[in-house]
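The file start-v9.cif comes next; it holds mmCIF, N, CA and C atoms, pLDDT in the B column; chains and numbers go by the auth columns.
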```cif
data_my_file
loop_
_atom_site.group_PDB
_atom_site.id
_atom_site.type_symbol
_atom_site.label_atom_id
_atom_site.label_comp_id
_atom_site.label_asym_id
_atom_site.label_seq_id
_atom_site.Cartn_x
_atom_site.Cartn_y
_atom_site.Cartn_z
_atom_site.B_iso_or_equiv
_atom_site.auth_seq_id
_atom_site.auth_asym_id
ATOM 1 N N MET A 1 -7.287 34.915 -13.569 70.00 29 A
ATOM 2 C CA MET A 1 -7.161 34.399 -12.221 70.00 29 A
ATOM 3 C C MET A 1 -8.323 33.477 -11.903 70.00 29 A
ATOM 4 N N ASP A 2 -7.994 32.343 -11.341 75.00 30 A
ATOM 5 C CA ASP A 2 -9.013 31.375 -10.965 75.00 30 A
ATOM 6 C C ASP A 2 -9.280 31.504 -9.468 75.00 30 A
ATOM 7 N N PHE A 3 -10.291 32.309 -9.139 75.00 31 A
ATOM 8 C CA PHE A 3 -10.596 32.563 -7.737 75.00 31 A
ATOM 9 C C PHE A 3 -11.143 31.319 -7.037 75.00 31 A
ATOM 10 N N ARG A 4 -11.831 30.485 -7.791 79.00 32 A
ATOM 11 C CA ARG A 4 -12.366 29.260 -7.206 79.00 32 A
ATOM 12 C C ARG A 4 -11.230 28.364 -6.720 79.00 32 A
ATOM 13 N N ARG A 5 -10.205 28.193 -7.547 76.00 33 A
ATOM 14 C CA ARG A 5 -9.057 27.367 -7.178 76.00 33 A
ATOM 15 C C ARG A 5 -8.318 27.987 -5.995 76.00 33 A
ATOM 16 N N MET A 6 -8.118 29.304 -6.045 73.00 34 A
ATOM 17 C CA MET A 6 -7.414 29.982 -4.959 73.00 34 A
ATOM 18 C C MET A 6 -8.170 29.823 -3.637 73.00 34 A
ATOM 19 N N THR A 7 -9.501 29.959 -3.682 75.00 35 A
ATOM 20 C CA THR A 7 -10.309 29.822 -2.474 75.00 35 A
ATOM 21 C C THR A 7 -10.231 28.402 -1.928 75.00 35 A
ATOM 22 N N ARG A 8 -10.333 27.408 -2.815 72.00 36 A
ATOM 23 C CA ARG A 8 -10.263 26.005 -2.391 72.00 36 A
ATOM 24 C C ARG A 8 -8.912 25.704 -1.753 72.00 36 A
ATOM 25 N N GLU A 9 -7.844 26.170 -2.381 72.00 37 A
ATOM 26 C CA GLU A 9 -6.511 25.944 -1.826 72.00 37 A
ATOM 27 C C GLU A 9 -6.369 26.590 -0.459 72.00 37 A
ATOM 28 N N PHE A 10 -6.903 27.793 -0.318 70.00 38 A
ATOM 29 C CA PHE A 10 -6.806 28.499 0.955 70.00 38 A
ATOM 30 C C PHE A 10 -7.622 27.802 2.042 70.00 38 A
ATOM 31 N N LEU A 11 -8.865 27.468 1.736 72.00 39 A
ATOM 32 C CA LEU A 11 -9.748 26.902 2.743 72.00 39 A
ATOM 33 C C LEU A 11 -9.406 25.458 3.093 72.00 39 A
ATOM 34 N N LEU A 12 -9.032 24.687 2.109 71.00 40 A
ATOM 35 C CA LEU A 12 -8.785 23.269 2.345 71.00 40 A
ATOM 36 C C LEU A 12 -7.314 22.942 2.536 71.00 40 A
ATOM 37 N N GLY A 13 -6.462 23.915 2.321 63.00 41 A
ATOM 38 C CA GLY A 13 -5.042 23.666 2.481 63.00 41 A
ATOM 39 C C GLY A 13 -4.491 22.742 1.416 63.00 41 A
ATOM 40 N N GLU A 14 -5.107 22.738 0.234 57.00 42 A
ATOM 41 C CA GLU A 14 -4.683 21.839 -0.831 57.00 42 A
ATOM 42 C C GLU A 14 -3.340 22.214 -1.436 57.00 42 A
ATOM 43 N N SER A 15 -2.899 23.417 -1.207 58.00 43 A
ATOM 44 C CA SER A 15 -1.654 23.845 -1.821 58.00 43 A
ATOM 45 C C SER A 15 -0.433 23.313 -1.071 58.00 43 A
ATOM 46 N N ARG A 16 -0.626 22.910 0.170 66.00 44 A
ATOM 47 C CA ARG A 16 0.484 22.404 0.969 66.00 44 A
ATOM 48 C C ARG A 16 0.647 20.906 0.764 66.00 44 A
ATOM 49 N N THR A 17 1.906 20.482 0.718 74.00 45 A
ATOM 50 C CA THR A 17 2.159 19.049 0.648 74.00 45 A
ATOM 51 C C THR A 17 2.228 18.501 2.068 74.00 45 A
ATOM 52 N N PRO A 18 1.817 17.265 2.265 75.00 46 A
ATOM 53 C CA PRO A 18 1.865 16.697 3.619 75.00 46 A
ATOM 54 C C PRO A 18 3.301 16.593 4.129 75.00 46 A
ATOM 55 N N SER A 19 3.440 16.686 5.420 86.00 47 A
ATOM 56 C CA SER A 19 4.765 16.573 6.023 86.00 47 A
ATOM 57 C C SER A 19 5.152 15.101 6.134 86.00 47 A
ATOM 58 N N ILE A 20 6.413 14.868 6.398 91.00 48 A
ATOM 59 C CA ILE A 20 6.893 13.497 6.562 91.00 48 A
ATOM 60 C C ILE A 20 6.209 12.838 7.747 91.00 48 A
ATOM 61 N N ALA A 21 5.905 13.624 8.775 90.00 49 A
ATOM 62 C CA ALA A 21 5.208 13.085 9.947 90.00 49 A
ATOM 63 C C ALA A 21 3.814 12.590 9.566 90.00 49 A
ATOM 64 N N SER A 22 3.158 13.286 8.650 89.00 50 A
ATOM 65 C CA SER A 22 1.834 12.858 8.188 89.00 50 A
ATOM 66 C C SER A 22 1.920 11.525 7.463 89.00 50 A
ATOM 67 N N TYR A 23 2.934 11.390 6.618 92.00 51 A
ATOM 68 C CA TYR A 23 3.118 10.128 5.905 92.00 51 A
ATOM 69 C C TYR A 23 3.392 8.980 6.871 92.00 51 A
ATOM 70 N N LEU A 24 4.249 9.220 7.851 95.00 52 A
ATOM 71 C CA LEU A 24 4.575 8.181 8.823 95.00 52 A
ATOM 72 C C LEU A 24 3.353 7.802 9.659 95.00 52 A
ATOM 73 N N GLN A 25 2.558 8.783 10.023 94.00 53 A
ATOM 74 C CA GLN A 25 1.341 8.521 10.784 94.00 53 A
ATOM 75 C C GLN A 25 0.368 7.683 9.962 94.00 53 A
ATOM 76 N N SER A 26 0.250 7.992 8.697 93.00 54 A
ATOM 77 C CA SER A 26 -0.630 7.245 7.809 93.00 54 A
ATOM 78 C C SER A 26 -0.190 5.789 7.697 93.00 54 A
ATOM 79 N N ILE A 27 1.103 5.575 7.525 95.00 55 A
ATOM 80 C CA ILE A 27 1.625 4.210 7.438 95.00 55 A
ATOM 81 C C ILE A 27 1.369 3.455 8.736 95.00 55 A
ATOM 82 N N SER A 28 1.567 4.128 9.855 95.00 56 A
ATOM 83 C CA SER A 28 1.324 3.510 11.155 95.00 56 A
ATOM 84 C C SER A 28 -0.137 3.097 11.299 95.00 56 A
ATOM 85 N N GLU A 29 -1.055 3.951 10.880 95.00 57 A
ATOM 86 C CA GLU A 29 -2.478 3.637 10.964 95.00 57 A
ATOM 87 C C GLU A 29 -2.842 2.451 10.080 95.00 57 A
ATOM 88 N N VAL A 30 -2.249 2.379 8.895 94.00 58 A
ATOM 89 C CA VAL A 30 -2.516 1.249 8.003 94.00 58 A
ATOM 90 C C VAL A 30 -2.013 -0.045 8.627 94.00 58 A
ATOM 91 N N LEU A 31 -0.818 -0.003 9.204 95.00 59 A
ATOM 92 C CA LEU A 31 -0.274 -1.208 9.840 95.00 59 A
ATOM 93 C C LEU A 31 -1.138 -1.650 11.017 95.00 59 A
ATOM 94 N N THR A 32 -1.698 -0.702 11.737 94.00 60 A
ATOM 95 C CA THR A 32 -2.566 -1.031 12.861 94.00 60 A
ATOM 96 C C THR A 32 -3.877 -1.644 12.375 94.00 60 A
ATOM 97 N N ALA A 33 -4.377 -1.163 11.241 95.00 61 A
ATOM 98 C CA ALA A 33 -5.664 -1.634 10.729 95.00 61 A
ATOM 99 C C ALA A 33 -5.580 -3.006 10.065 95.00 61 A
ATOM 100 N N VAL A 34 -4.394 -3.401 9.637 94.00 62 A
ATOM 101 C CA VAL A 34 -4.247 -4.683 8.956 94.00 62 A
ATOM 102 C C VAL A 34 -4.399 -5.820 9.965 94.00 62 A
ATOM 103 N N THR A 35 -5.207 -6.803 9.586 94.00 63 A
ATOM 104 C CA THR A 35 -5.364 -7.974 10.443 94.00 63 A
ATOM 105 C C THR A 35 -4.622 -9.146 9.811 94.00 63 A
ATOM 106 N N PRO A 36 -3.593 -9.608 10.485 95.00 64 A
ATOM 107 C CA PRO A 36 -2.814 -10.715 9.920 95.00 64 A
ATOM 108 C C PRO A 36 -3.616 -12.014 9.930 95.00 64 A
ATOM 109 N N ARG A 37 -3.508 -12.748 8.831 96.00 65 A
ATOM 110 C CA ARG A 37 -4.227 -14.019 8.713 96.00 65 A
ATOM 111 C C ARG A 37 -3.335 -15.211 9.050 96.00 65 A
ATOM 112 N N THR A 38 -2.038 -15.002 8.951 97.00 66 A
ATOM 113 C CA THR A 38 -1.110 -16.096 9.245 97.00 66 A
ATOM 114 C C THR A 38 -0.018 -15.580 10.171 97.00 66 A
ATOM 115 N N LYS A 39 0.751 -16.503 10.684 97.00 67 A
ATOM 116 C CA LYS A 39 1.876 -16.142 11.544 97.00 67 A
ATOM 117 C C LYS A 39 2.907 -15.341 10.744 97.00 67 A
ATOM 118 N N THR A 40 3.095 -15.701 9.480 97.00 68 A
ATOM 119 C CA THR A 40 4.039 -14.985 8.621 97.00 68 A
ATOM 120 C C THR A 40 3.605 -13.537 8.439 97.00 68 A
ATOM 121 N N ASP A 41 2.303 -13.326 8.198 96.00 69 A
ATOM 122 C CA ASP A 41 1.796 -11.958 8.067 96.00 69 A
ATOM 123 C C ASP A 41 2.022 -11.173 9.347 96.00 69 A
ATOM 124 N N SER A 42 1.807 -11.819 10.472 96.00 70 A
ATOM 125 C CA SER A 42 2.005 -11.168 11.760 96.00 70 A
ATOM 126 C C SER A 42 3.460 -10.736 11.942 96.00 70 A
ATOM 127 N N LEU A 43 4.377 -11.617 11.579 97.00 71 A
ATOM 128 C CA LEU A 43 5.801 -11.287 11.690 97.00 71 A
ATOM 129 C C LEU A 43 6.191 -10.159 10.741 97.00 71 A
ATOM 130 N N ARG A 44 5.617 -10.151 9.556 96.00 72 A
ATOM 131 C CA ARG A 44 5.903 -9.077 8.600 96.00 72 A
ATOM 132 C C ARG A 44 5.412 -7.733 9.121 96.00 72 A
ATOM 133 N N ILE A 45 4.244 -7.734 9.725 96.00 73 A
ATOM 134 C CA ILE A 45 3.700 -6.486 10.268 96.00 73 A
ATOM 135 C C ILE A 45 4.571 -6.003 11.423 96.00 73 A
ATOM 136 N N GLU A 46 5.007 -6.909 12.281 97.00 74 A
ATOM 137 C CA GLU A 46 5.899 -6.530 13.385 97.00 74 A
ATOM 138 C C GLU A 46 7.207 -5.954 12.848 97.00 74 A
ATOM 139 N N SER A 47 7.724 -6.572 11.801 97.00 75 A
ATOM 140 C CA SER A 47 8.951 -6.073 11.189 97.00 75 A
ATOM 141 C C SER A 47 8.740 -4.685 10.591 97.00 75 A
ATOM 142 N N ALA A 48 7.605 -4.490 9.936 97.00 76 A
ATOM 143 C CA ALA A 48 7.304 -3.185 9.346 97.00 76 A
ATOM 144 C C ALA A 48 7.176 -2.119 10.431 97.00 76 A
ATOM 145 N N ARG A 49 6.563 -2.464 11.549 96.00 77 A
ATOM 146 C CA ARG A 49 6.439 -1.512 12.663 96.00 77 A
ATOM 147 C C ARG A 49 7.806 -1.150 13.231 96.00 77 A
ATOM 148 N N ALA A 50 8.687 -2.141 13.353 97.00 78 A
ATOM 149 C CA ALA A 50 10.041 -1.875 13.848 97.00 78 A
ATOM 150 C C ALA A 50 10.797 -0.973 12.870 97.00 78 A
ATOM 151 N N ASN A 51 10.639 -1.246 11.580 97.00 79 A
ATOM 152 C CA ASN A 51 11.290 -0.409 10.567 97.00 79 A
ATOM 153 C C ASN A 51 10.745 1.014 10.602 97.00 79 A
ATOM 154 N N LEU A 52 9.447 1.136 10.801 97.00 80 A
ATOM 155 C CA LEU A 52 8.822 2.459 10.885 97.00 80 A
ATOM 156 C C LEU A 52 9.360 3.232 12.087 97.00 80 A
ATOM 157 N N LYS A 53 9.574 2.537 13.187 97.00 81 A
ATOM 158 C CA LYS A 53 10.134 3.177 14.379 97.00 81 A
ATOM 159 C C LYS A 53 11.543 3.703 14.091 97.00 81 A
ATOM 160 N N GLU A 54 12.346 2.918 13.376 98.00 82 A
ATOM 161 C CA GLU A 54 13.691 3.359 13.005 98.00 82 A
ATOM 162 C C GLU A 54 13.642 4.547 12.052 98.00 82 A
ATOM 163 N N VAL A 55 12.718 4.512 11.118 97.00 83 A
ATOM 164 C CA VAL A 55 12.581 5.631 10.180 97.00 83 A
ATOM 165 C C VAL A 55 12.216 6.900 10.937 97.00 83 A
ATOM 166 N N ARG A 56 11.306 6.790 11.893 96.00 84 A
ATOM 167 C CA ARG A 56 10.931 7.955 12.699 96.00 84 A
ATOM 168 C C ARG A 56 12.142 8.520 13.441 96.00 84 A
ATOM 169 N N ARG A 57 12.950 7.632 13.985 97.00 85 A
ATOM 170 C CA ARG A 57 14.152 8.060 14.711 97.00 85 A
ATOM 171 C C ARG A 57 15.099 8.813 13.775 97.00 85 A
ATOM 172 N N HIS A 58 15.305 8.264 12.577 97.00 86 A
ATOM 173 C CA HIS A 58 16.202 8.914 11.616 97.00 86 A
ATOM 174 C C HIS A 58 15.637 10.250 11.137 97.00 86 A
ATOM 175 N N VAL A 59 14.330 10.303 10.924 96.00 87 A
ATOM 176 C CA VAL A 59 13.698 11.551 10.488 96.00 87 A
ATOM 177 C C VAL A 59 13.861 12.619 11.560 96.00 87 A
ATOM 178 N N ARG A 60 13.666 12.231 12.810 95.00 88 A
ATOM 179 C CA ARG A 60 13.821 13.200 13.911 95.00 88 A
ATOM 180 C C ARG A 60 15.241 13.754 13.936 95.00 88 A
ATOM 181 N N ARG A 61 16.235 12.878 13.776 97.00 89 A
ATOM 182 C CA ARG A 61 17.634 13.334 13.755 97.00 89 A
ATOM 183 C C ARG A 61 17.893 14.261 12.572 97.00 89 A
ATOM 184 N N LEU A 62 17.362 13.902 11.415 96.00 90 A
ATOM 185 C CA LEU A 62 17.558 14.744 10.236 96.00 90 A
ATOM 186 C C LEU A 62 16.901 16.110 10.409 96.00 90 A
ATOM 187 N N GLN A 63 15.707 16.127 10.992 95.00 91 A
ATOM 188 C CA GLN A 63 15.034 17.404 11.214 95.00 91 A
ATOM 189 C C GLN A 63 15.814 18.271 12.199 95.00 91 A
ATOM 190 N N GLU A 64 16.363 17.661 13.229 96.00 92 A
ATOM 191 C CA GLU A 64 17.184 18.416 14.178 96.00 92 A
ATOM 192 C C GLU A 64 18.418 18.977 13.480 96.00 92 A
ATOM 193 N N ARG A 65 19.029 18.159 12.633 97.00 93 A
ATOM 194 C CA ARG A 65 20.229 18.594 11.898 97.00 93 A
ATOM 195 C C ARG A 65 19.895 19.735 10.941 97.00 93 A
ATOM 196 N N VAL A 66 18.765 19.648 10.264 96.00 94 A
ATOM 197 C CA VAL A 66 18.350 20.713 9.356 96.00 94 A
ATOM 198 C C VAL A 66 18.133 22.007 10.125 96.00 94 A
ATOM 199 N N THR A 67 17.525 21.916 11.291 96.00 95 A
ATOM 200 C CA THR A 67 17.299 23.107 12.114 96.00 95 A
ATOM 201 C C THR A 67 18.617 23.760 12.499 96.00 95 A
ATOM 202 N N VAL A 68 19.579 22.946 12.922 97.00 96 A
ATOM 203 C CA VAL A 68 20.898 23.472 13.303 97.00 96 A
ATOM 204 C C VAL A 68 21.564 24.135 12.095 97.00 96 A
ATOM 205 N N LEU A 69 21.511 23.474 10.947 97.00 97 A
ATOM 206 C CA LEU A 69 22.137 24.031 9.746 97.00 97 A
ATOM 207 C C LEU A 69 21.459 25.326 9.292 97.00 97 A
ATOM 208 N N GLU A 70 20.131 25.380 9.405 96.00 98 A
ATOM 209 C CA GLU A 70 19.423 26.613 9.051 96.00 98 A
ATOM 210 C C GLU A 70 19.834 27.757 9.966 96.00 98 A
ATOM 211 N N GLU A 71 20.013 27.470 11.251 96.00 99 A
ATOM 212 C CA GLU A 71 20.463 28.500 12.192 96.00 99 A
ATOM 213 C C GLU A 71 21.867 28.961 11.845 96.00 99 A
ATOM 214 N N GLN A 72 22.733 28.023 11.474 95.00 100 A
ATOM 215 C CA GLN A 72 24.096 28.396 11.089 95.00 100 A
ATOM 216 C C GLN A 72 24.106 29.258 9.833 95.00 100 A
ATOM 217 N N VAL A 73 23.276 28.925 8.870 95.00 101 A
ATOM 218 C CA VAL A 73 23.195 29.719 7.642 95.00 101 A
ATOM 219 C C VAL A 73 22.691 31.118 7.965 95.00 101 A
ATOM 220 N N GLN A 74 21.713 31.204 8.841 94.00 102 A
ATOM 221 C CA GLN A 74 21.185 32.511 9.215 94.00 102 A
ATOM 222 C C GLN A 74 22.265 33.364 9.881 94.00 102 A
ATOM 223 N N VAL A 75 23.044 32.777 10.762 93.00 103 A
ATOM 224 C CA VAL A 75 24.133 33.499 11.426 93.00 103 A
ATOM 225 C C VAL A 75 25.169 33.947 10.401 93.00 103 A
ATOM 226 N N LEU A 76 25.500 33.075 9.466 92.00 104 A
ATOM 227 C CA LEU A 76 26.475 33.439 8.432 92.00 104 A
ATOM 228 C C LEU A 76 25.958 34.572 7.551 92.00 104 A
ATOM 229 N N GLU A 77 24.683 34.523 7.210 90.00 105 A
ATOM 230 C CA GLU A 77 24.107 35.587 6.381 90.00 105 A
ATOM 231 C C GLU A 77 24.089 36.913 7.141 90.00 105 A
ATOM 232 N N GLU A 78 23.800 36.860 8.441 88.00 106 A
ATOM 233 C CA GLU A 78 23.793 38.079 9.240 88.00 106 A
ATOM 234 C C GLU A 78 25.196 38.669 9.341 88.00 106 A
ATOM 235 N N SER A 79 26.190 37.821 9.519 88.00 107 A
ATOM 236 C CA SER A 79 27.564 38.312 9.619 88.00 107 A
ATOM 237 C C SER A 79 28.059 38.825 8.274 88.00 107 A
ATOM 238 N N LYS A 80 27.564 38.255 7.198 84.00 108 A
ATOM 239 C CA LYS A 80 27.942 38.699 5.855 84.00 108 A
ATOM 240 C C LYS A 80 27.384 40.087 5.554 84.00 108 A
ATOM 241 N N ASP A 81 26.165 40.348 6.022 79.00 109 A
ATOM 242 C CA ASP A 81 25.528 41.634 5.795 79.00 109 A
ATOM 243 C C ASP A 81 26.165 42.770 6.579 79.00 109 A
ATOM 244 N N GLN A 82 26.850 42.466 7.641 74.00 110 A
ATOM 245 C CA GLN A 82 27.417 43.517 8.485 74.00 110 A
ATOM 246 C C GLN A 82 28.699 44.039 7.972 74.00 110 A
#
```
Would you encode the structure as structure tokens?
Amino acid sequence: MDFRRMTREFLLGESRTPSIASYLQSISEVLTAVTPRTKTDSLRIESARANLKEVRRHVRRLQERVTVLEEQVQVLEESKDQ
């Protein structure tokens, strides 16, 4: 057993993978930090921000759908056990 690795994973949370929200937040921060040098770069960044907004909307819908489906599976499993 590697107690050092286990301790690091526990304390730093290294064992968990980042959530989709973390990835989207990171992309948003990068887009904000980029300074466009030309009008074309500016338009590309605006387009990327609009695309990111759409991705967030789709992710939210998918997460809601997953929650509903998980609840349905739980109900089915409970009815199966009875």
Item to check | Distance of atom N of Lys81 (chain A) from CA of Val58 (chain A), expressed in Å to one decimal place | outcome: 13.2 Å
Write down as a compact mmCIF listing (two decimals) with N, CA and C atoms, in the frame of the given file the residues belonging to chain A that are assigned helix (DSSP H, G or I) by DSSP computed on the backbone.
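The resulting states_23.txt:
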```txt
# COMPACT_ATOMS: atom_id res chain seq x y z
N PHE A 31 -10.29 32.31 -9.14
CA PHE A 31 -10.60 32.56 -7.74
C PHE A 31 -11.14 31.32 -7.04
N ARG A 32 -11.83 30.48 -7.79
CA ARG A 32 -12.37 29.26 -7.21
C ARG A 32 -11.23 28.36 -6.72
N ARG A 33 -10.20 28.19 -7.55
CA ARG A 33 -9.06 27.37 -7.18
C ARG A 33 -8.32 27.99 -6.00
N MET A 34 -8.12 29.30 -6.04
CA MET A 34 -7.41 29.98 -4.96
C MET A 34 -8.17 29.82 -3.64
N THR A 35 -9.50 29.96 -3.68
CA THR A 35 -10.31 29.82 -2.47
C THR A 35 -10.23 28.40 -1.93
N ARG A 36 -10.33 27.41 -2.82
CA ARG A 36 -10.26 26.00 -2.39
C ARG A 36 -8.91 25.70 -1.75
N GLU A 37 -7.84 26.17 -2.38
CA GLU A 37 -6.51 25.94 -1.83
C GLU A 37 -6.37 26.59 -0.46
N PHE A 38 -6.90 27.79 -0.32
CA PHE A 38 -6.81 28.50 0.96
C PHE A 38 -7.62 27.80 2.04
N LEU A 39 -8.86 27.47 1.74
CA LEU A 39 -9.75 26.90 2.74
C LEU A 39 -9.41 25.46 3.09
N LEU A 40 -9.03 24.69 2.11
CA LEU A 40 -8.78 23.27 2.35
C LEU A 40 -7.31 22.94 2.54
N ILE A 48 6.41 14.87 6.40
CA ILE A 48 6.89 13.50 6.56
C ILE A 48 6.21 12.84 7.75
N ALA A 49 5.90 13.62 8.78
CA ALA A 49 5.21 13.08 9.95
C ALA A 49 3.81 12.59 9.57
N SER A 50 3.16 13.29 8.65
CA SER A 50 1.83 12.86 8.19
C SER A 50 1.92 11.52 7.46
N TYR A 51 2.93 11.39 6.62
CA TYR A 51 3.12 10.13 5.90
C TYR A 51 3.39 8.98 6.87
N LEU A 52 4.25 9.22 7.85
CA LEU A 52 4.58 8.18 8.82
C LEU A 52 3.35 7.80 9.66
N GLN A 53 2.56 8.78 10.02
CA GLN A 53 1.34 8.52 10.78
C GLN A 53 0.37 7.68 9.96
N SER A 54 0.25 7.99 8.70
CA SER A 54 -0.63 7.24 7.81
C SER A 54 -0.19 5.79 7.70
N ILE A 55 1.10 5.58 7.52
CA ILE A 55 1.62 4.21 7.44
C ILE A 55 1.37 3.46 8.74
N SER A 56 1.57 4.13 9.86
CA SER A 56 1.32 3.51 11.16
C SER A 56 -0.14 3.10 11.30
N GLU A 57 -1.06 3.95 10.88
CA GLU A 57 -2.48 3.64 10.96
C GLU A 57 -2.84 2.45 10.08
N VAL A 58 -2.25 2.38 8.90
CA VAL A 58 -2.52 1.25 8.00
C VAL A 58 -2.01 -0.04 8.63
N LEU A 59 -0.82 0.00 9.20
CA LEU A 59 -0.27 -1.21 9.84
C LEU A 59 -1.14 -1.65 11.02
N THR A 60 -1.70 -0.70 11.74
CA THR A 60 -2.57 -1.03 12.86
C THR A 60 -3.88 -1.64 12.38
N ALA A 61 -4.38 -1.16 11.24
CA ALA A 61 -5.66 -1.63 10.73
C ALA A 61 -5.58 -3.01 10.06
N LYS A 67 0.75 -16.50 10.68
CA LYS A 67 1.88 -16.14 11.54
C LYS A 67 2.91 -15.34 10.74
N THR A 68 3.10 -15.70 9.48
CA THR A 68 4.04 -14.98 8.62
C THR A 68 3.60 -13.54 8.44
N ASP A 69 2.30 -13.33 8.20
CA ASP A 69 1.80 -11.96 8.07
C ASP A 69 2.02 -11.17 9.35
N SER A 70 1.81 -11.82 10.47
CA SER A 70 2.00 -11.17 11.76
C SER A 70 3.46 -10.74 11.94
N LEU A 71 4.38 -11.62 11.58
CA LEU A 71 5.80 -11.29 11.69
C LEU A 71 6.19 -10.16 10.74
N ARG A 72 5.62 -10.15 9.56
CA ARG A 72 5.90 -9.08 8.60
C ARG A 72 5.41 -7.73 9.12
N ILE A 73 4.24 -7.73 9.72
CA ILE A 73 3.70 -6.49 10.27
C ILE A 73 4.57 -6.00 11.42
N GLU A 74 5.01 -6.91 12.28
CA GLU A 74 5.90 -6.53 13.38
C GLU A 74 7.21 -5.95 12.85
N SER A 75 7.72 -6.57 11.80
CA SER A 75 8.95 -6.07 11.19
C SER A 75 8.74 -4.68 10.59
N ALA A 76 7.60 -4.49 9.94
CA ALA A 76 7.30 -3.18 9.35
C ALA A 76 7.18 -2.12 10.43
N ARG A 77 6.56 -2.46 11.55
CA ARG A 77 6.44 -1.51 12.66
C ARG A 77 7.81 -1.15 13.23
N ALA A 78 8.69 -2.14 13.35
CA ALA A 78 10.04 -1.88 13.85
C ALA A 78 10.80 -0.97 12.87
N ASN A 79 10.64 -1.25 11.58
CA ASN A 79 11.29 -0.41 10.57
C ASN A 79 10.74 1.01 10.60
N LEU A 80 9.45 1.14 10.80
CA LEU A 80 8.82 2.46 10.88
C LEU A 80 9.36 3.23 12.09
N LYS A 81 9.57 2.54 13.19
CA LYS A 81 10.13 3.18 14.38
C LYS A 81 11.54 3.70 14.09
N GLU A 82 12.35 2.92 13.38
CA GLU A 82 13.69 3.36 13.00
C GLU A 82 13.64 4.55 12.05
N VAL A 83 12.72 4.51 11.12
CA VAL A 83 12.58 5.63 10.18
C VAL A 83 12.22 6.90 10.94
N ARG A 84 11.31 6.79 11.89
CA ARG A 84 10.93 7.96 12.70
C ARG A 84 12.14 8.52 13.44
N ARG A 85 12.95 7.63 13.98
CA ARG A 85 14.15 8.06 14.71
C ARG A 85 15.10 8.81 13.78
N HIS A 86 15.30 8.26 12.58
CA HIS A 86 16.20 8.91 11.62
C HIS A 86 15.64 10.25 11.14
N VAL A 87 14.33 10.30 10.92
CA VAL A 87 13.70 11.55 10.49
C VAL A 87 13.86 12.62 11.56
N ARG A 88 13.67 12.23 12.81
CA ARG A 88 13.82 13.20 13.91
C ARG A 88 15.24 13.75 13.94
N ARG A 89 16.24 12.88 13.78
CA ARG A 89 17.63 13.33 13.76
C ARG A 89 17.89 14.26 12.57
N LEU A 90 17.36 13.90 11.42
CA LEU A 90 17.56 14.74 10.24
C LEU A 90 16.90 16.11 10.41
N GLN A 91 15.71 16.13 10.99
CA GLN A 91 15.03 17.40 11.21
C GLN A 91 15.81 18.27 12.20
N GLU A 92 16.36 17.66 13.23
CA GLU A 92 17.18 18.42 14.18
C GLU A 92 18.42 18.98 13.48
N ARG A 93 19.03 18.16 12.63
CA ARG A 93 20.23 18.59 11.90
C ARG A 93 19.90 19.74 10.94
N VAL A 94 18.76 19.65 10.26
CA VAL A 94 18.35 20.71 9.36
C VAL A 94 18.13 22.01 10.12
N THR A 95 17.52 21.92 11.29
CA THR A 95 17.30 23.11 12.11
C THR A 95 18.62 23.76 12.50
N VAL A 96 19.58 22.95 12.92
CA VAL A 96 20.90 23.47 13.30
C VAL A 96 21.56 24.14 12.10
N LEU A 97 21.51 23.47 10.95
CA LEU A 97 22.14 24.03 9.75
C LEU A 97 21.46 25.33 9.29
N GLU A 98 20.13 25.38 9.40
CA GLU A 98 19.42 26.61 9.05
C GLU A 98 19.83 27.76 9.97
N GLU A 99 20.01 27.47 11.25
CA GLU A 99 20.46 28.50 12.19
C GLU A 99 21.87 28.96 11.84
N GLN A 100 22.73 28.02 11.47
CA GLN A 100 24.10 28.40 11.09
C GLN A 100 24.11 29.26 9.83
N VAL A 101 23.28 28.92 8.87
CA VAL A 101 23.20 29.72 7.64
C VAL A 101 22.69 31.12 7.96
N GLN A 102 21.71 31.20 8.84
CA GLN A 102 21.18 32.51 9.22
C GLN A 102 22.26 33.36 9.88
N VAL A 103 23.04 32.78 10.76
CA VAL A 103 24.13 33.50 11.43
C VAL A 103 25.17 33.95 10.40
N LEU A 104 25.50 33.08 9.47
CA LEU A 104 26.48 33.44 8.43
C LEU A 104 25.96 34.57 7.55
N GLU A 105 24.68 34.52 7.21
CA GLU A 105 24.11 35.59 6.38
C GLU A 105 24.09 36.91 7.14
N GLU A 106 23.80 36.86 8.44
CA GLU A 106 23.79 38.08 9.24
C GLU A 106 25.20 38.67 9.34
N SER A 107 26.19 37.82 9.52
CA SER A 107 27.56 38.31 9.62
C SER A 107 28.06 38.83 8.27
N LYS A 108 27.56 38.26 7.20
CA LYS A 108 27.94 38.70 5.86
C LYS A 108 27.38 40.09 5.55
N ASP A 109 26.16 40.35 6.02
CA ASP A 109 25.53 41.63 5.80
C ASP A 109 26.16 42.77 6.58
```
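Each of A:Val94, A:Val83, A:Met29, A:Leu40 was compared to Gln53 (chain A) using only C-alpha atoms, and A:Val83 turns out to be the nearest.
In this structure, CA of Glu57 (chain A) sits 13.5 Å away from atom C of Asn79 (chain A).
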Next on the checklist: For Arg77 (chain A), find every residue with an atom within 8 Å (counting all atoms listed in the file), except residues of its own chain fewer than 6 positions away, and show them as a list of chain:residue names.
Outcome noted: A:Ser56, A:Leu59, A:Leu71, A:Val83
Checklist entry - Of the candidates A:Gln91, A:Arg33, A:Leu97, A:Glu106, which one gets nearest to Ser47 (chain A) if we count only C-alpha atoms? => result A:Gln91
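With atom C of Val101 (chain A) on one side and CA of Arg89 (chain A) on the other, the separation reads 19.4 Å.
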